[in-house]
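Quick notes on the structure that follows.
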Number of protein chains: 8
Amino acid sequence: MTAFARLDHDRTARQGFPEVVFADGKTPDQVAAIMAEFAERAGAALATRAAVEHAHAVRERLPEAIYDPASRLISLGALEPPDGVDAHRVAVVCAGTSDIPVAEECAGTLSWAGIAVERRYDIGVARLERLLEVEADLRAASVCVVVAGMEGALPSVVGGRVACPVVAVPTSIGYGANLQGISALLGMLTSCVPGVTVVNIDNGFGAAAAANRMLRLAVAATDARAP
Amino acid sequence: MTAFARLDHDRTARQGFPEVVFADGKTPDQVAAIMAEFAERAGAALATRAAVEHAHAVRERLPEAIYDPASRLISLGALEPPDGVDAHRVAVVCAGTSDIPVAEECAGTLSWAGIAVERRYDIGVARLERLLEVEADLRAASVCVVVAGMEGALPSVVGGRVACPVVAVPTSIGYGANLQGISALLGMLTSCVPGVTVVNIDNGFGAAAAANRMLRLAVAATDARAP
Amino acid sequence: MTAFARLDHDRTARQGFPEVVFADGKTPDQVAAIMAEFAERAGAALATRAAVEHAHAVRERLPEAIYDPASRLISLGALEPPDGVDAHRVAVVCAGTSDIPVAEECAGTLSWAGIAVERRYDIGVARLERLLEVEADLRAASVCVVVAGMEGALPSVVGGRVACPVVAVPTSIGYGANLQGISALLGMLTSCVPGVTVVNIDNGFGAAAAANRMLRLAVAATDARAP
Amino acid sequence: MTAFARLDHDRTARQGFPEVVFADGKTPDQVAAIMAEFAERAGAALATRAAVEHAHAVRERLPEAIYDPASRLISLGALEPPDGVDAHRVAVVCAGTSDIPVAEECAGTLSWAGIAVERRYDIGVARLERLLEVEADLRAASVCVVVAGMEGALPSVVGGRVACPVVAVPTSIGYGANLQGISALLGMLTSCVPGVTVVNIDNGFGAAAAANRMLRLAVAATDARAP
Amino acid sequence: MTAFARLDHDRTARQGFPEVVFADGKTPDQVAAIMAEFAERAGAALATRAAVEHAHAVRERLPEAIYDPASRLISLGALEPPDGVDAHRVAVVCAGTSDIPVAEECAGTLSWAGIAVERRYDIGVARLERLLEVEADLRAASVCVVVAGMEGALPSVVGGRVACPVVAVPTSIGYGANLQGISALLGMLTSCVPGVTVVNIDNGFGAAAAANRMLRLAVAATDARAP
Amino acid sequence: MTAFARLDHDRTARQGFPEVVFADGKTPDQVAAIMAEFAERAGAALATRAAVEHAHAVRERLPEAIYDPASRLISLGALEPPDGVDAHRVAVVCAGTSDIPVAEECAGTLSWAGIAVERRYDIGVARLERLLEVEADLRAASVCVVVAGMEGALPSVVGGRVACPVVAVPTSIGYGANLQGISALLGMLTSCVPGVTVVNIDNGFGAAAAANRMLRLAVAATDARAP
Amino acid sequence: MTAFARLDHDRTARQGFPEVVFADGKTPDQVAAIMAEFAERAGAALATRAAVEHAHAVRERLPEAIYDPASRLISLGALEPPDGVDAHRVAVVCAGTSDIPVAEECAGTLSWAGIAVERRYDIGVARLERLLEVEADLRAASVCVVVAGMEGALPSVVGGRVACPVVAVPTSIGYGANLQGISALLGMLTSCVPGVTVVNIDNGFGAAAAANRMLRLAVAATDARAP
Amino acid sequence: MTAFARLDHDRTARQGFPEVVFADGKTPDQVAAIMAEFAERAGAALATRAAVEHAHAVRERLPEAIYDPASRLISLGALEPPDGVDAHRVAVVCAGTSDIPVAEECAGTLSWAGIAVERRYDIGVARLERLLEVEADLRAASVCVVVAGMEGALPSVVGGRVACPVVAVPTSIGYGANLQGISALLGMLTSCVPGVTVVNIDNGFGAAAAANRMLRLAVAATDARAP
């Protein structure tokens with residue numbers, strides 16, 4: 001067992017999702033050691049907010065690990081998806097090009113968890129044509145994760161078009177009165193559309209974990225009723 | 001049609017939940033007129049944040065309307081619940097006695113929408129015994145709505161014990177560094193437990209709408225697979 | 001001349017709009033005295049943020065004054081509109097019923113200044129159908145004033161549909177993370193649509209004054225080129 | 001078409017100004033690719049907040065592109081100005097030497113859009129003589145863009161001297177209680193002069209886009225009345 | 001001696017100004033008792049932020065006390081002014097009618113302290129003519145106290161015209177982005193004019209005490225050199 | 001004596017703890033000079049927030065000094081612990097791996113002061129099992145120092161399980177709505193558990209100093225009653 | 001048992017202090033019912049932040065209850081103090097007359113808990129003579145609770161004079177830049193004196209609970225060593 | 001004349017102090033050019049917030065310029081002090097070693113202006129003995145400039161001991177709840193001692209300019225009365 005951290009190997013049972021490594025602020029060696037331990041026990045591991053140095057250290061120890069610089073995820077293997085989850089997909093929508101890293105943190109985490117993702121990027125509220133183009137796709141999704149910076153208006157607009165759960169992710173994209181994402185965060189919390197829920201600024205991983213909880217409910221419900 | 005507001009009668013189709021009346025800031029007559037119009041069209045209506053004066057005006061026009069002073073809801077009739085939703089229940093948990101009005105806004109909205117609610121109140125993090133007592137009930141619920149003021153720690157603790165979706169509702173209960181609920185809001189947004197999502201301060205209604213979106217996903221999933 | 005305030009009778013020449021009375025925080029007698037002096041000199045006067053007590057005091061002295069409780073304006077007479085301004089109209093758009101008082105402060109000020117107003121109220125971003133319904137009207141206007149509380153997303157959406165000047169007015173409508181209108185203000189300042197400009201929270205009057213400056217430019221331009 | 005961004009080629013028709021590239025946070029290659037696509041379609045392109053690395057990448061692909069380090073703009077070609085806009089000019093005023101980059105972002109954008117600019121820099125409120133010197137120039141302009149950091153008082157003073165539209169741009173120049181430009185922003189929003197409108201901190205580009213909307217109104221008005 | 005407060009009778013020796021009573025938050029009886037004790041010991045007393053109820057209680061016990069509702073001061077007698085202070089006067093300048101109560105708290109305190117005051121009210125930055133009218137008076141004063149709300153720009157403008165000490169007093173006059181006076185406070189602290197110093201929001205009394213310290217320095221200097 | 005700082009050699013007598021060096025913002029030479037003077041007078045010295053450069057400079061002058069990069073402490077010798085303090089130990093608890101540097105600043109300071117420390121790290125509220133595991137150890141401690149970032153919920157949970165003094169230390173660990181530790185700080189200040197006290201963000205040293213004051217009380221009490 | 005609240009009768013065993021009633025926001029009947037239940041089980045009860053209406057309702061049911069309007073405490077009986085606590089006393093110090101209610105909430109709670117209190121009120125940092133007068137008393141106390149509003153400097157000054165634990169209580173006394181006590185809170189958290197710990201704004205009760213934890217440590221230490 | 005800045009050569013006549021160069025954010029060449037122009041016209045020049053690169057550029061052009069790295073001032077020559085100012089001195093007091101750069105910015109500016117300075121550094125409120133040691137010196141000064149970070153309590157304590165003007169300078173020294181100097185700023189603005197005035201965070205230069213205004217008043221007063 002690693003000396004510096006007590007890993008939580010029962011987390012999947014309790015919370016429906018395993019512990020992952022938040023790499024930012026940890027040394028490359030620490031990240032590699034924890035991922036190795038997770039890999040040994042569970043056959044799969046994920047690190048978020050990883051720099052290229054973390055990736056090097058991990059891949060030295062676990063050569064099959066994959067690093068995606070856009071999302072800053074290091075992934076190894078994949079989770080066993082819950083039965084029936086293949087009938088669902090999560091739409092990951094984002095407003096601008098600069099929001100893509102956060103959207104990809106969400107999308108990459110979902111993929112690692114065995115959940116199908118449909119990406120719809122660059123859907124700004126300044127161009128409704130584009131939104132209406134993808135509306136049918138969003139209505140067909142089981143969960144919509146909506147990522148936006150600046151004024152953060154996109155989750156309100158999407159939430160007004162779909163009946164499924166909408167998870168809003170504010171990003172720190174912007175400057176000045178944006179206050180490092182606070183403007184988008186406040187906008188999403190005060191959305192005029194009921195039932196939109198919000199996670200922390202830039203927290204693509206948290207949105208994926210929330211979507212996972214929702215899909216587990218969907219498949220559990222199906223199981224319960226299956227003959 | 002009311003002269004002062006353009007009601008959105010198609011909202012259920014688009015968003016999975018009908019428009020309701022936010023009474024605070026409207027006159028008693030306005031609230032009564034809007035509820036009457038909703039009642040006529042849909043056979044059911046709901047007003048949130050209603051004062052007793054609103055209730056009097058509504059009941060003069062719609063004598064069967066019911067006012068609950070704790071939740072400040074005026075309800076008339078009930079929604080037709082989606083097929084299969086009776087297999088689910090939403091746990092509404094709150095931390096302190098003072099958080100009950102917000103919890104009841106959520107619980108009352110869910111009941112009006114035909115969704116079963118399990119209340120578990122007065123579950124503070126200062127007394128883990130009480131939390132462990134109700135843990136099995138929370139794990140049996142389809143969605144947990146967790147309402148807390150002050151430091152807002154309860155959603156983190158609950159989120160660590162259940163795998164279902166957790167909707168956190170910060171309340172404005174507290175004083176001083178509580179900053180009218182900002183401390184609880186920030187705490188919930190920065191929760192160390194992945195997958196907890198957050199709504200606005202005191203927004204019990206929004207949490208109910210979010211839970212409704214999640215349960216619709218669950219029953220839609222069931223329908224899709226049913227033979 | 002009133003003893004307590006030095007009125008600025010040349011303001012129209014300098015700034016294109018006369019001084020008006022901000023009634024909030026002044027006594028009814030003060031408001032009445034100032035309006036009387038303006039009326040005597042200019043034949044027209046306007047007070048904003050007036051309570052009913054202000055209106056009583058003014059009408060005792062100036063019986064022809066008109067009080068509108070929605071906008072809280074007391075008006076007397078009307079300004080001489082600049083030549084050619086009748087070819088223009090200002091669209092005043094608002095998001096929710098609760099934003100109407102601020103929208104009316106703007107609309108009423110414009111009317112008193114002899115500028116035609118087209119009201120389009122209750123255009124929330126949660127219902128794009130309604131926005132698309134009025135889009136042609138907005139594109140036909142010379143200036144759009146867009147009033148919204150909560151997440152304040154409407155100016156971004158409108159700004160994406162029209163090429164004319166858009167003046168965004170955040171309102172203090174909302175609760176919790178709304179922070180008395182700060183969420184809408186920050187959202188409008190960080191709009192992803194270029195060329196939207198913003199005034200203070202609840203400042204319908206300021207938006208009218210800005211629109212007046214823009215229309216004066218339009219008619220001056222016309223005059224300059226007229227044969 | 002670029003793989004990573006869906007460009008909005010109809011934006012001029014809808015909003016009166018084409019899409020430009022916000023370079024900050026994009027890679028040099030991304031900026032170069034987007035500008036190339038714009039250049040191909042529209043014959044002109046503009047990038048804001050560009051670093052010298054962005055400029056190198058763009059000029060490798062588009063050798064005729066021009067980089068201005070003061071304004072951080074990369075421009076290629078120029079827009080076709082609307083008919084009649086040559087009768088107008090925009091005064092760009094700034095308070096201190098340190099505000100010049102933001103003023104130049106505005107001025108350079110306007111020039112690229114074919115709009116004449118009159119620069120009046122270093123007009124602090126601490127020296128009214130200087131302001132009075134340029135007052136006649138400001139009164140002769142069609143729109144005044146006023147850029148200021150620190151206490152941001154200049155737009156109030158200018159707004160009191162001219163009748164044309166005034167667009168206030170707060171800058172992040174200052175330290176301590178300046179709060180990265182928040183002091184200037186709040187000062188401009190609470191200006192005692194009616195009709196001053198405000199854009200985000202350091203947003204010289206947004207002020208240019210707003211001036212463009214206003215001048216389009218002016219020339220449209222002229223066109224409408226022309227024999 | 002009053003039972004509930006330990007009065008500081010040596011404060012004049014130590015700080016150059018006696019202790020006064022901050023009435024807000026004290027009962028009428030407490031205020032009356034403290035003033036009576038001061039009156040007995042020193043022959044003079046002053047209370048700030050007094051409501052009419054405080055005044056009634058004080059005048060019952062000390063019939064010669066005078067209450068001024070504008071400044072909310074209750075004064076009894078007057079201080080013995082320092083020798084030579086009659087050669088000086090303090091200019092108290094304010095921006096708008098609504099700032100007068102704060103200006104009067106300053107002016108009334110100075111008068112009670114035996115210091116001559118020159119009031120110049122309603123000097124907004126929106127009308128420089130008015131400022132230039134009074135400029136010679138301000139330059140003739142020994143200290144300028146400048147009171148302003150909203151964007152708080154007046155101290156910068158005055159500070160640019162005079163060489164004497166300038167004490168800036170932000171007021172809470174305004175709404176929205178004014179944040180109860182924070183916008184004026186930040187503006188004054190970040191003034192582009194060197195040597196302007198600032199006191200708390202609405203603190204007219206503190207400005208008077210600061211002016212008193214400065215005049216004591218002036219007359220002490222004179223004394224020291226006098227033959 | 002060092003030329004640039006007047007050291008406070010009587011501080012132990014007055015405050016129960018000697019002065020230490022806050023290295024951040026001082027030059028390596030300054031830190032070395034001050035530590036040398038302390039070492040000479042008192043035989044022991046401690047520097048906090050030291051970088052490796054500080055350590056090099058100190059060790060050049062005082063080769064027996066020890067640098068711990070985790071806690072960023074440079075220590076030399078140790079204090080003479082108060083009589084009887086060996087009967088006590090302070091539990092230092094932290095929530096996540098990233099909080100360890102702050103916890104170690106506390107633990108290392110206590111060790112240098114001759115006070116026994118029991119470390120219990122990685123006790124997150126997301127895993128109550130782990131907390132219950134260490135509960136008996138915490139109840140056996142004389143003082144609990146609880147270090148946590150993000151939502152800062154751990155002190156509330158610990159404070160609900162122990163009767164001894166609990167000193168809460170918020171850390172700046174987190175991102176977005178964490179606001180550099182403000183979320184944890186506000187959460188701890190508004191804890192629902194009475195008697196939890198709080199120190200500044202990341203202030204492990206301050207928590208150690210507080211624990212030292214409490215243990216001095218404990219041993220003083222013992223001494224007083226000893227026969 | 002009361003229907004609306006689950007009382008925590010084991011809290012003394014776990015936390016060293018029984019549950020008390022926070023009356024603010026509860027109805028008079030609720031407060032009376034909870035106090036009656038506590039009284040029946042434990043023979044003693046305490047309510048904080050009680051209005052006179054709460055007191056009437058409680059005394060109707062429990063005539064021996066005592067209401068103190070200054071501290072807003074309703075107390076019934078008293079706790080059994082821990083053995084040996086009579087050897088200690090807590091100094092409760094406050095800065096100004098307006099801080100007394102918070103100081104009394106602390107002092108009254110301690111008295112109800114059987115702990116001796118020494119009040120030292122009206123000790124402002126503006127008059128060091130007064131502080132030096134009481135310094136010996138403070139050094140003789142086991143714990144100092146220091147209550148202050150405005151700039152909140154008193155805990156730093158006291159903390160520099162005593163070696164015992166110092167609990168700082170910021171109050172909301174002040175106006176303007178005081179921000180309802182935030183200025184005092186921040187000042188105390190950033191105190192230059194090590195080992196001062198802080199509770200929430202106006203939280204006199206919390207300071208008493210903290211002092212209780214510290215004294216329990218002191219007497220437990222004594223017990224442990226007693227022959 | 002420099003091309004990029006319009007220098008204000010009459011500022012001394014208007015404001016009593018010449019324009020100086022704020023070097024931060026200007027290029028070394030710009031600073032050198034402006035200083036050369038000032039030197040040519042006035043025989044003296046000063047730059048604040050200068051880095052070593054600025055100093056090199058200036059000294060290349062003006063070899064007699066002096067750079068002080070502690071205060072970050074570049075000075076050339078000195079001002080002609082007003083007649084009689086040699087009878088005065090300004091006490092510059094600071095709380096901690098880390099505050100010295102700000103104190104030196106003030107002291108160096110005063111020296112350049114021909115005003116005598118008395119430095120009293122390292123006077124923390126944690127050690128009153130030290131303050132009492134220097135009290136007589138402070139009482140003998142004409143103006144006290146008091147520089148402090150963290151809780152910023154020193155100006156209150158000094159203001160309670162002297163009758164002369166006190167200018168408080170908050171510094172950004174501290175961490176966490178210090179909020180880059182906001183805690184010290186708020187503390188000084190809400191000081192319980194009347195007549196303390198405040199400048200911006202880290203604004204040692206502004207404090208010197210304020211002291212200069214006060215001393216000019218003192219010597220003008222003397223002149224006026226001199227036979």
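Every chain in the structure tokens takes a letter, A first, then B, and so on in the order presented; its residues are numbered from 1, and the ligands are numbered from 1 following the presented order.
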task = Compile the contact shell of segment 74-80 of chain C as number ranges by chain: residues with an atom at most 10 Å away, counting only C-alpha atoms, same-chain residues fewer than 6 positions apart removed.
result = C: 17-18, 20-21, 23, 31, 35-36, 38-39, 42-52, 54-55, 58-59, 62-68, 108-115
inquiry  = Applying 7 Å and only C-alpha atoms, which residues near segment 165-182 of chain G remain after dropping the ones on its own chain fewer than 6 positions away? List them as a PyMOL selection string.
reply    = (chain E and resi 200-201) or (chain F and resi 210+213-214) or (chain G and resi 98-99+143-150+152+155+159+188+196-204+207) or (chain H and resi 186+189-190)
key: Test item: residues at most 9 Å from Val219 of chain H, only C-alpha atoms, excluding those fewer than 3 positions along its chain, as a PyMOL selection string   = (chain E and resi 218+221-222) or (chain H and resi 82-85+87+214-216+222-224)
Restricted to N, CA, C and O atoms, what would the selected residues look like written as a JSON list (two decimals), in the first residue's frame?
[["chain", "number", "residue", "atom", "x", "y", "z"],
["E", 218, "ALA", "N", -1.50, 72.91, 12.13],
["E", 218, "ALA", "CA", -1.28, 74.24, 11.55],
["E", 218, "ALA", "C", -1.09, 75.29, 12.65],
["E", 218, "ALA", "O", -0.17, 76.11, 12.59],
["E", 221, "ALA", "N", 2.12, 74.79, 14.65],
["E", 221, "ALA", "CA", 3.27, 75.28, 13.90],
["E", 221, "ALA", "C", 3.38, 76.80, 14.05],
["E", 221, "ALA", "O", 4.47, 77.35, 14.26],
["E", 222, "THR", "N", 2.25, 77.47, 13.95],
["E", 222, "THR", "CA", 2.25, 78.92, 14.10],
["E", 222, "THR", "C", 2.75, 79.32, 15.48],
["E", 222, "THR", "O", 3.59, 80.20, 15.64],
["H", 82, "PRO", "N", 9.39, 73.63, 0.88],
["H", 82, "PRO", "CA", 8.75, 74.91, 1.23],
["H", 82, "PRO", "C", 9.45, 75.53, 2.44],
["H", 82, "PRO", "O", 9.92, 74.81, 3.33],
["H", 83, "ASP", "N", 9.49, 76.81, 2.47],
["H", 83, "ASP", "CA", 10.08, 77.53, 3.61],
["H", 83, "ASP", "C", 9.47, 77.08, 4.92],
["H", 83, "ASP", "O", 8.24, 76.99, 5.04],
["H", 84, "GLY", "N", 10.30, 76.82, 5.86],
["H", 84, "GLY", "CA", 9.81, 76.53, 7.20],
["H", 84, "GLY", "C", 9.55, 75.07, 7.46],
["H", 84, "GLY", "O", 9.29, 74.66, 8.59],
["H", 85, "VAL", "N", 9.63, 74.24, 6.42],
["H", 85, "VAL", "CA", 9.29, 72.83, 6.60],
["H", 85, "VAL", "C", 10.38, 72.12, 7.41],
["H", 85, "VAL", "O", 10.14, 71.01, 7.94],
["H", 87, "ALA", "N", 11.25, 72.80, 10.24],
["H", 87, "ALA", "CA", 10.83, 72.73, 11.65],
["H", 87, "ALA", "C", 10.00, 71.49, 11.94],
["H", 87, "ALA", "O", 9.63, 71.24, 13.08],
["H", 214, "MET", "N", -0.27, 68.19, 4.23],
["H", 214, "MET", "CA", -0.49, 68.65, 5.61],
["H", 214, "MET", "C", 0.61, 69.59, 6.07],
["H", 214, "MET", "O", 0.34, 70.60, 6.72],
["H", 215, "LEU", "N", 1.86, 69.29, 5.72],
["H", 215, "LEU", "CA", 2.95, 70.16, 6.14],
["H", 215, "LEU", "C", 2.90, 71.49, 5.40],
["H", 215, "LEU", "O", 3.25, 72.54, 5.97],
["H", 216, "ARG", "N", 2.47, 71.49, 4.16],
["H", 216, "ARG", "CA", 2.30, 72.76, 3.45],
["H", 216, "ARG", "C", 1.29, 73.65, 4.15],
["H", 216, "ARG", "O", 1.45, 74.87, 4.22],
["H", 222, "THR", "N", 2.03, 79.25, 9.25],
["H", 222, "THR", "CA", 3.10, 80.00, 9.91],
["H", 222, "THR", "C", 3.44, 81.28, 9.14],
["H", 222, "THR", "O", 3.56, 82.36, 9.71],
["H", 223, "ASP", "N", 3.58, 81.11, 7.86],
["H", 223, "ASP", "CA", 3.91, 82.27, 7.03],
["H", 223, "ASP", "C", 2.87, 83.38, 7.20],
["H", 223, "ASP", "O", 3.20, 84.55, 7.35],
["H", 224, "ALA", "N", 1.63, 82.96, 7.18],
["H", 224, "ALA", "CA", 0.55, 83.94, 7.23],
["H", 224, "ALA", "C", 0.62, 84.78, 8.48],
["H", 224, "ALA", "O", 0.30, 85.96, 8.48]]
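Put simply, atom CA of Asp8 of chain E is 23.7 Å away from atom CA of Ala141 of chain H.
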key: segment 144-185 of chain F: residues DSSP assigns to strand (DSSP E), reported as JSON, numbers by chain   = {"F": [144, 145, 146, 147, 148, 166, 167, 168, 169, 170]}
Go ahead and save the residues from that selection, with all heavy atoms, as a CSV table (one decimal), in the first residue's frame.
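part_5.csv, written as the output of this step:
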chain,number,residue,atom,x,y,z
F,144,CYS,N,-7.4,18.4,19.6
F,144,CYS,CA,-7.4,18.0,18.3
F,144,CYS,C,-7.2,19.2,17.3
F,144,CYS,O,-8.0,20.1,17.4
F,144,CYS,CB,-8.7,17.3,17.9
F,144,CYS,SG,-8.9,15.7,18.6
F,145,VAL,N,-6.2,19.1,16.5
F,145,VAL,CA,-6.1,20.1,15.4
F,145,VAL,C,-6.6,19.4,14.1
F,145,VAL,O,-6.1,18.3,13.8
F,145,VAL,CB,-4.6,20.5,15.2
F,145,VAL,CG1,-4.4,21.4,14.0
F,145,VAL,CG2,-4.1,21.2,16.5
F,146,VAL,N,-7.5,20.0,13.5
F,146,VAL,CA,-8.2,19.4,12.3
F,146,VAL,C,-8.0,20.2,11.1
F,146,VAL,O,-8.4,21.4,11.1
F,146,VAL,CB,-9.7,19.1,12.6
F,146,VAL,CG1,-10.2,18.3,11.4
F,146,VAL,CG2,-9.9,18.4,13.9
F,147,VAL,N,-7.3,19.7,10.1
F,147,VAL,CA,-6.8,20.4,8.9
F,147,VAL,C,-7.6,19.9,7.7
F,147,VAL,O,-7.7,18.8,7.5
F,147,VAL,CB,-5.3,20.2,8.7
F,147,VAL,CG1,-4.8,20.9,7.5
F,147,VAL,CG2,-4.5,20.6,10.0
F,148,ALA,N,-8.3,20.9,7.0
F,148,ALA,CA,-9.0,20.4,5.8
F,148,ALA,C,-9.2,21.5,4.8
F,148,ALA,O,-9.4,22.7,5.2
F,148,ALA,CB,-10.4,19.9,6.3
F,166,VAL,N,-11.0,21.7,20.0
F,166,VAL,CA,-10.8,21.4,18.6
F,166,VAL,C,-10.4,22.7,17.9
F,166,VAL,O,-11.1,23.7,17.9
F,166,VAL,CB,-12.0,20.9,17.9
F,166,VAL,CG1,-11.8,20.7,16.4
F,166,VAL,CG2,-12.4,19.5,18.5
F,167,VAL,N,-9.2,22.7,17.3
F,167,VAL,CA,-8.7,23.9,16.5
F,167,VAL,C,-8.8,23.5,15.0
F,167,VAL,O,-8.1,22.6,14.6
F,167,VAL,CB,-7.2,24.2,16.9
F,167,VAL,CG1,-6.8,25.4,16.1
F,167,VAL,CG2,-7.1,24.5,18.4
F,168,ALA,N,-9.6,24.2,14.3
F,168,ALA,CA,-9.8,24.0,12.9
F,168,ALA,C,-8.9,24.8,12.0
F,168,ALA,O,-8.8,26.0,12.2
F,168,ALA,CB,-11.3,24.3,12.5
F,169,VAL,N,-8.2,24.2,11.1
F,169,VAL,CA,-7.3,24.9,10.1
F,169,VAL,C,-7.8,24.7,8.7
F,169,VAL,O,-7.6,23.6,8.1
F,169,VAL,CB,-5.9,24.3,10.2
F,169,VAL,CG1,-4.9,25.2,9.5
F,169,VAL,CG2,-5.4,24.2,11.7
F,170,PRO,N,-8.4,25.7,8.1
F,170,PRO,CA,-8.8,25.6,6.7
F,170,PRO,C,-7.5,25.7,5.8
F,170,PRO,O,-6.6,26.3,6.1
F,170,PRO,CB,-9.6,26.9,6.5
F,170,PRO,CG,-9.2,27.8,7.5
F,170,PRO,CD,-8.7,27.0,8.7
key: Secondary structure check, helix (DSSP H, G or I) residues of segment 16-167 of chain C, as a ChimeraX atom specification   = /C:28-42,52-61,85-87,97-112,128-140,154-159
message = I'd like to know which of D:Val157, D:Ala184, D:Ile34, D:Ala91 is closest to Leu131 of chain D, using only C-alpha atoms.
response =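 Of all the options, D:Val157 lies closest to Leu131 of chain D.
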task = Grab the atom CA of Glu135 of chain H to atom CA of Leu217 of chain H distance for me, in Å with one decimal place.
result =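 Separation of atom CA of Glu135 of chain H and atom CA of Leu217 of chain H: 24.3 Å.
Take atom CA of Asp86 of chain E and atom CA of Leu138 of chain E: the distance between them is 16.9 Å.
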inquiry  = Please list as a PyMOL selection string every residue within 7 Å of Ala209 of chain G, counting only C-alpha atoms and excluding residues in the same chain fewer than 4 positions away.
reply    = (chain F and resi 194-195) or (chain G and resi 205+213)
message = Neighbouring residues of Thr97 of chain A were defined as those with any atom within 12 Å, considering only C-alpha atoms; residues of the same chain fewer than 2 positions away were excluded. Please report them as a ChimeraX atom specification.
response = /A:70,93-95,99-104,120-124,147-149,171,173 /D:2-7,21-27,30-31,34
